[in-house]
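Enquirer: I'd like to ask some things about the structure below.
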Amino acid sequence: MRDNASQNPALDGTDTAEALARYRARAGTWGRAGLALLAGSGVIGLTAARRGLDDVVEMVPNLLALSLAALGMGLVSLRLSGRMRRHLAAAPWTACAAVSVPRGSRAATVVLRDPATGEVWPLTVWAVWRRYQPVRPGLDGVLWWCGDPRTGGVIAPPGGTELIWTRAVRGSGARRLAVQRAQRAGLLERRLPRTPSDGSSVSDGSFVSLVSDAPHASHAAAMSKAAPRRRGLFRWIALVGVVLLGLGGAALNAASEDPQIDLTVLSQQPDGTCEVRWSDPWSGARREGPFRCDPDRDPLLEEWWTGWVVSYGPWKGDLYDSDLRGTPADDVNTALSLAGAALTLTGLVGGVAKRVYRPEPSA
């Protein structure tokens with residue numbers, strides 16, 4: 001390739017720096033979504049198992065798989081953002097003739113031609129199809145490139161407003177096939193763009209700035225700085241969900257410490273409704289109240305049974321049986337956990353969707 005020492009690094013461009021920041025923010029969102037969903041899946045699983053909700057328990061492995069997939073996507077994207085930053089900070093953009101070639105069910109492939117040497121580089125695109133679409137070579141057949149074609153690099157549409165990581169196509173046969181398809185698509189007949197020392201690219205008589213100092217880019221940057229940043233609705237939904245999830249999880253954890261106590265059965269109805277007496281496990285005071293006994297218990301246990309006492313929150317001291325009857329504590333805890341998980345998932349998925357599908361500002 002030509003000597004690029006006289007040109008500014010690609011990361012010096014405002015549009016490129018903002019595109020990298022957006023990419024890293026998306027990666028962080030996926031990572032946080034995966035962690036939150038992982039925690040929520042655990043809480044949902046524990047809650048459902050404790051209440052005997054077998055149908056919900058069977059769904060937990062799917063939730064765990066989804067959370068791990070989101071977490072993995074976030075971590076991989078964060079790693080790629082670091083690679084992008086290193087390349088973009090070390091070298092300027094290079095305008096290359098480009099052709100996108102199909103590879104069936106495999107990852108998309110783009111073939112670039114170096115404007116200085118005429119070398120042809122088949123590259124595998126590391127991005128989902130929706131993200132690749134804005135970067136796919138248009139009618140002008142030009143993409144910007146920054147990196148090492150042997151190990152990997154970044155491609156972008158002219159302007160550097162979207163960044164995609166690529167690496168060399170593996171396998172000599174696959175590379176040769178990609179080059180042949182690019183040749184049939186007319187890559188070698190296209191006029192090679194060149195990059196003069198002033199940082200502008202020439203292709204088919206048109207000039208495109210390789211740094212973000214064009215009037216429209218400056219205007220867009222100024223508008224971005226002037227516009228107030230609004231905290232999105234989904235962020236608040238996720239925050240409320242995390243708080244509810246935390247409260248529900250803390251209460252469920254506290255419930256595991258509820259003391260089991262002996263009860264003296266004072267009277268009992270045929271349906272199992274009892275009047276019982278017990279000693280408060282904290283103050284030792286004698287208390288009496290209704291309870292649900294097992295009507296089919298052994299006659300030897302006619303005057304004795306056992307129960308549990310709530311040890312936390314506004315329900316502390318409530319007496320309940322093995323089926324959690326006698327206090328609203330468990331219902332409230334379950335509702336908090338499930339509502340928190342649902343709100344957290346809604347906020348994260350909605351926030352991610354809003355970021356991913358948010359239209360770019362027009363020039």
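A note on labels: chains of the structure tokens are A, B, ... as shown, every chain counts residues from 1, and ligands are counted from 1 in their shown order.
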Which residues come within 10 Å of A:Trp305, counting only C-alpha atoms, excluding same-chain residues fewer than 3 positions away, as a PyMOL selection string?
Expert: chain A and resi 261-265+276+291-294+297+301-302+321
Enquirer: Taking the DSSP secondary structure from the backbone, can you list the residues of stretch 36-215 of chain A that are helix (DSSP H, G or I), as a CSV table (one decimal) with C-alpha atoms, in the first residue's frame?
Expert:
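Done, and the output landed in part26.csv:
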chain,number,residue,atom,x,y,z
A,36,ALA,CA,-29.4,-8.8,33.8
A,37,LEU,CA,-31.3,-11.6,32.0
A,38,LEU,CA,-28.9,-14.1,33.6
A,39,ALA,CA,-29.6,-12.8,37.0
A,40,GLY,CA,-33.4,-12.6,36.3
A,41,SER,CA,-33.4,-16.2,35.0
A,42,GLY,CA,-31.9,-17.3,38.3
A,43,VAL,CA,-34.4,-15.5,40.3
A,44,ILE,CA,-37.3,-16.7,38.2
A,45,GLY,CA,-36.0,-20.3,38.4
A,46,LEU,CA,-35.7,-20.2,42.2
A,47,THR,CA,-39.1,-18.6,42.6
A,48,ALA,CA,-40.8,-21.0,40.3
A,49,ALA,CA,-39.1,-24.0,41.9
A,50,ARG,CA,-40.1,-22.9,45.4
A,51,ARG,CA,-43.8,-22.5,44.3
A,54,ASP,CA,-43.0,-26.8,36.8
A,55,ASP,CA,-44.0,-25.1,33.5
A,56,VAL,CA,-42.0,-22.0,34.4
A,57,VAL,CA,-39.0,-24.1,35.6
A,58,GLU,CA,-38.9,-25.8,32.2
A,59,MET,CA,-38.5,-22.3,30.5
A,60,VAL,CA,-35.5,-21.4,32.6
A,61,PRO,CA,-32.9,-23.2,30.4
A,62,ASN,CA,-34.2,-21.2,27.4
A,63,LEU,CA,-33.9,-18.0,29.3
A,64,LEU,CA,-30.3,-18.9,30.4
A,65,ALA,CA,-29.4,-19.7,26.8
A,66,LEU,CA,-30.8,-16.4,25.6
A,67,SER,CA,-28.9,-14.5,28.4
A,68,LEU,CA,-25.6,-16.2,27.6
A,69,ALA,CA,-26.1,-15.5,23.9
A,70,ALA,CA,-26.6,-11.8,24.6
A,71,LEU,CA,-23.7,-11.7,27.0
A,72,GLY,CA,-21.5,-13.4,24.5
A,73,MET,CA,-22.5,-11.0,21.7
A,74,GLY,CA,-21.7,-8.1,24.0
A,75,LEU,CA,-18.3,-9.4,25.0
A,76,VAL,CA,-17.2,-10.3,21.4
A,77,SER,CA,-18.4,-6.9,20.2
A,78,LEU,CA,-16.4,-5.1,23.0
A,79,ARG,CA,-13.3,-7.0,21.9
A,80,LEU,CA,-13.8,-6.1,18.3
A,81,SER,CA,-14.3,-2.4,19.3
A,82,GLY,CA,-10.9,-2.5,20.8
A,83,ARG,CA,-9.3,-3.9,17.6
A,84,MET,CA,-11.1,-1.3,15.6
A,85,ARG,CA,-9.8,1.5,17.9
A,86,ARG,CA,-6.2,0.3,17.5
A,87,HIS,CA,-6.4,0.2,13.7
A,88,LEU,CA,-8.3,3.5,13.3
A,89,ALA,CA,-5.9,5.3,15.7
A,90,ALA,CA,-2.8,4.0,13.8
A,129,TRP,CA,-27.0,-8.7,7.9
A,130,ARG,CA,-28.9,-5.7,9.1
A,131,ARG,CA,-25.8,-3.9,10.2
A,132,TYR,CA,-23.9,-4.8,7.0
A,133,GLN,CA,-26.6,-3.3,4.7
A,134,PRO,CA,-25.6,0.4,5.3
A,135,VAL,CA,-21.9,-0.5,4.6
A,172,SER,CA,-7.1,-20.5,-0.6
A,173,GLY,CA,-10.1,-22.1,-2.5
A,174,ALA,CA,-12.6,-19.7,-0.8
A,175,ARG,CA,-10.4,-16.7,-1.5
A,176,ARG,CA,-9.9,-17.6,-5.1
A,177,LEU,CA,-13.7,-18.2,-5.6
A,178,ALA,CA,-14.5,-14.8,-4.0
A,179,VAL,CA,-12.0,-13.0,-6.2
A,180,GLN,CA,-13.4,-14.7,-9.3
A,181,ARG,CA,-16.9,-13.6,-8.4
A,182,ALA,CA,-15.7,-10.1,-7.8
A,183,GLN,CA,-14.1,-10.1,-11.2
A,184,ARG,CA,-17.3,-11.2,-12.8
A,215,PRO,CA,-19.8,21.4,5.7
Enquirer: Could you give me, as a count of residues only, the residues within 7 Å of stretch 246-252 of chain A, counting only C-alpha atoms and dropping anything in the same chain fewer than 5 positions from it?
Expert: 5
Enquirer: Go through A:Leu123, A:Ala25, A:Ala98, A:Leu343 and flag the residue nearest A:Val243, using only C-alpha atoms for the distances.
Expert: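 Smallest distance to A:Val243 is found for A:Leu343.
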Enquirer: What's the 8 Å shell around A:Thr344, counting only C-alpha atoms, without same-chain residues fewer than 2 positions away, as a PDB file with N, CA and C atoms, in the first residue's frame?
Expert:
ATOM      1  N   ALA A  36     -28.120  -8.973  33.101  1.00  0.00           N
ATOM      2  CA  ALA A  36     -29.395  -8.766  33.791  1.00  0.00           C
ATOM      3  C   ALA A  36     -30.334  -9.946  33.561  1.00  0.00           C
ATOM      4  N   LEU A  37     -30.387 -10.429  32.327  1.00  0.00           N
ATOM      5  CA  LEU A  37     -31.261 -11.552  32.030  1.00  0.00           C
ATOM      6  C   LEU A  37     -30.776 -12.821  32.723  1.00  0.00           C
ATOM      7  N   ILE A 237     -37.533   2.256  32.632  1.00  0.00           N
ATOM      8  CA  ILE A 237     -38.227   0.980  32.815  1.00  0.00           C
ATOM      9  C   ILE A 237     -37.259  -0.076  33.334  1.00  0.00           C
ATOM     10  N   ALA A 238     -36.072  -0.133  32.729  1.00  0.00           N
ATOM     11  CA  ALA A 238     -35.073  -1.101  33.178  1.00  0.00           C
ATOM     12  C   ALA A 238     -34.628  -0.812  34.606  1.00  0.00           C
ATOM     13  N   LEU A 239     -34.482   0.476  34.950  1.00  0.00           N
ATOM     14  CA  LEU A 239     -34.049   0.834  36.302  1.00  0.00           C
ATOM     15  C   LEU A 239     -35.089   0.406  37.332  1.00  0.00           C
ATOM     16  N   VAL A 240     -36.364   0.683  37.051  1.00  0.00           N
ATOM     17  CA  VAL A 240     -37.432   0.255  37.964  1.00  0.00           C
ATOM     18  C   VAL A 240     -37.449  -1.269  38.074  1.00  0.00           C
ATOM     19  N   GLY A 241     -37.259  -1.944  36.954  1.00  0.00           N
ATOM     20  CA  GLY A 241     -37.237  -3.400  36.973  1.00  0.00           C
ATOM     21  C   GLY A 241     -36.111  -3.956  37.828  1.00  0.00           C
ATOM     22  N   VAL A 242     -34.929  -3.358  37.720  1.00  0.00           N
ATOM     23  CA  VAL A 242     -33.796  -3.825  38.527  1.00  0.00           C
ATOM     24  C   VAL A 242     -34.082  -3.628  40.019  1.00  0.00           C
ATOM     25  N   GLY A 340     -40.237  -7.392  38.279  1.00  0.00           N
ATOM     26  CA  GLY A 340     -38.899  -6.831  38.081  1.00  0.00           C
ATOM     27  C   GLY A 340     -38.199  -7.454  36.897  1.00  0.00           C
ATOM     28  N   ALA A 341     -38.278  -8.792  36.779  1.00  0.00           N
ATOM     29  CA  ALA A 341     -37.640  -9.461  35.642  1.00  0.00           C
ATOM     30  C   ALA A 341     -38.279  -9.017  34.326  1.00  0.00           C
ATOM     31  N   ALA A 342     -39.619  -8.918  34.308  1.00  0.00           N
ATOM     32  CA  ALA A 342     -40.314  -8.513  33.077  1.00  0.00           C
ATOM     33  C   ALA A 342     -39.960  -7.082  32.684  1.00  0.00           C
ATOM     34  N   THR A 346     -37.934  -5.938  29.459  1.00  0.00           N
ATOM     35  CA  THR A 346     -38.584  -4.999  28.539  1.00  0.00           C
ATOM     36  C   THR A 346     -37.707  -3.771  28.307  1.00  0.00           C
ATOM     37  N   GLY A 347     -37.161  -3.215  29.392  1.00  0.00           N
ATOM     38  CA  GLY A 347     -36.317  -2.034  29.256  1.00  0.00           C
ATOM     39  C   GLY A 347     -35.067  -2.297  28.452  1.00  0.00           C
ATOM     40  N   LEU A 348     -34.423  -3.450  28.699  1.00  0.00           N
ATOM     41  CA  LEU A 348     -33.189  -3.758  27.988  1.00  0.00           C
ATOM     42  C   LEU A 348     -33.452  -4.063  26.523  1.00  0.00           C
TER      43      LEU A 348
END
Enquirer: Have a look at atom CA of A:Leu11 and atom CA of A:Ala127 and let me know their distance in Å, one decimal.
Expert: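 Distance between the two atoms: 20.4 Å.
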Enquirer: Counting only C-alpha atoms, figure out which residue out of A:Cys274, A:Gly317, A:Asp323, A:Gly284 gets nearest to A:Trp304.
Expert: A:Cys274
Enquirer: Write out as a PyMOL selection string which residues come within 12 Å of A:Asp258 when counting only C-alpha atoms, dropping same-chain ones fewer than 6 positions away.
Expert: chain A and resi 251-252+281-282+307-313+315-322+324+329-330
Enquirer: At what distance in Å, to one decimal, does atom CA of A:Ala10 lie from atom CA of A:Pro102?
Expert: 28.5 Å
Enquirer: With only C-alpha atoms as the counted atoms, please give the residues lying no more than 12 Å from A:Glu119, apart from itself and same-chain residues fewer than 4 positions off, as number ranges by chain.
Expert: A: 1-2, 96-98, 111-115, 149, 179, 187-188, 192
Enquirer: If you keep N, CA and C atoms, can you produce a file of those selected residues as a compact mmCIF listing (two decimals), in the first residue's frame?
Expert:
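The resulting file, result_15.txt, is shown below:
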# COMPACT_ATOMS: atom_id res chain seq x y z
N MET A 1 0.83 -1.20 0.00
CA MET A 1 0.00 0.00 0.00
C MET A 1 0.87 1.25 0.00
N ARG A 2 0.29 2.38 -0.28
CA ARG A 2 1.03 3.61 -0.38
C ARG A 2 1.43 4.09 1.01
N CYS A 96 -11.24 2.42 -1.40
CA CYS A 96 -10.99 1.26 -2.26
C CYS A 96 -12.22 0.98 -3.12
N ALA A 97 -11.96 0.49 -4.33
CA ALA A 97 -13.06 -0.07 -5.12
C ALA A 97 -13.51 -1.34 -4.43
N ALA A 98 -14.83 -1.56 -4.39
CA ALA A 98 -15.36 -2.67 -3.59
C ALA A 98 -16.53 -3.33 -4.28
N VAL A 111 -15.04 -7.77 -1.37
CA VAL A 111 -13.74 -7.82 -2.01
C VAL A 111 -13.31 -6.38 -2.32
N LEU A 112 -12.15 -5.98 -1.81
CA LEU A 112 -11.63 -4.64 -2.01
C LEU A 112 -10.44 -4.67 -2.97
N ARG A 113 -10.21 -3.56 -3.64
CA ARG A 113 -9.05 -3.42 -4.51
C ARG A 113 -8.26 -2.19 -4.08
N ASP A 114 -7.01 -2.40 -3.71
CA ASP A 114 -6.15 -1.32 -3.24
C ASP A 114 -5.90 -0.32 -4.36
N PRO A 115 -6.18 0.99 -4.12
CA PRO A 115 -6.00 1.97 -5.19
C PRO A 115 -4.53 2.23 -5.53
N PRO A 149 -4.94 -6.24 5.61
CA PRO A 149 -5.76 -7.26 4.95
C PRO A 149 -5.38 -8.70 5.30
N VAL A 179 -12.62 -13.93 -5.28
CA VAL A 179 -11.99 -13.02 -6.25
C VAL A 179 -12.60 -13.22 -7.63
N LEU A 187 -15.21 -5.78 -10.78
CA LEU A 187 -14.31 -5.06 -9.87
C LEU A 187 -13.08 -4.54 -10.59
N LEU A 188 -12.48 -5.34 -11.47
CA LEU A 188 -11.24 -4.93 -12.12
C LEU A 188 -11.47 -3.84 -13.15
N LEU A 192 -10.01 2.96 -10.13
CA LEU A 192 -9.50 2.93 -8.77
C LEU A 192 -9.55 4.33 -8.16
Enquirer: Tell me, in Å to one decimal, how far atom CA of A:Trp121 is from atom CA of A:Glu162.
Expert: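 For atom CA of A:Trp121 relative to atom CA of A:Glu162, the distance reads 20.2 Å.
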Enquirer: For the strand (DSSP E or B) assignment from backbone DSSP, which residues of stretch 106-191 of chain A qualify? Please present them as a PyMOL selection string.
Expert: chain A and resi 109-113+120-126+142-148+152-156+164-168
Enquirer: Between A:Arg190, A:Arg325, A:Arg287, A:Arg26, which residue has the minimum interatomic distance to A:Gly141, considering only C-alpha atoms?
Expert: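 Closest to A:Gly141 of all the choices is A:Arg190.
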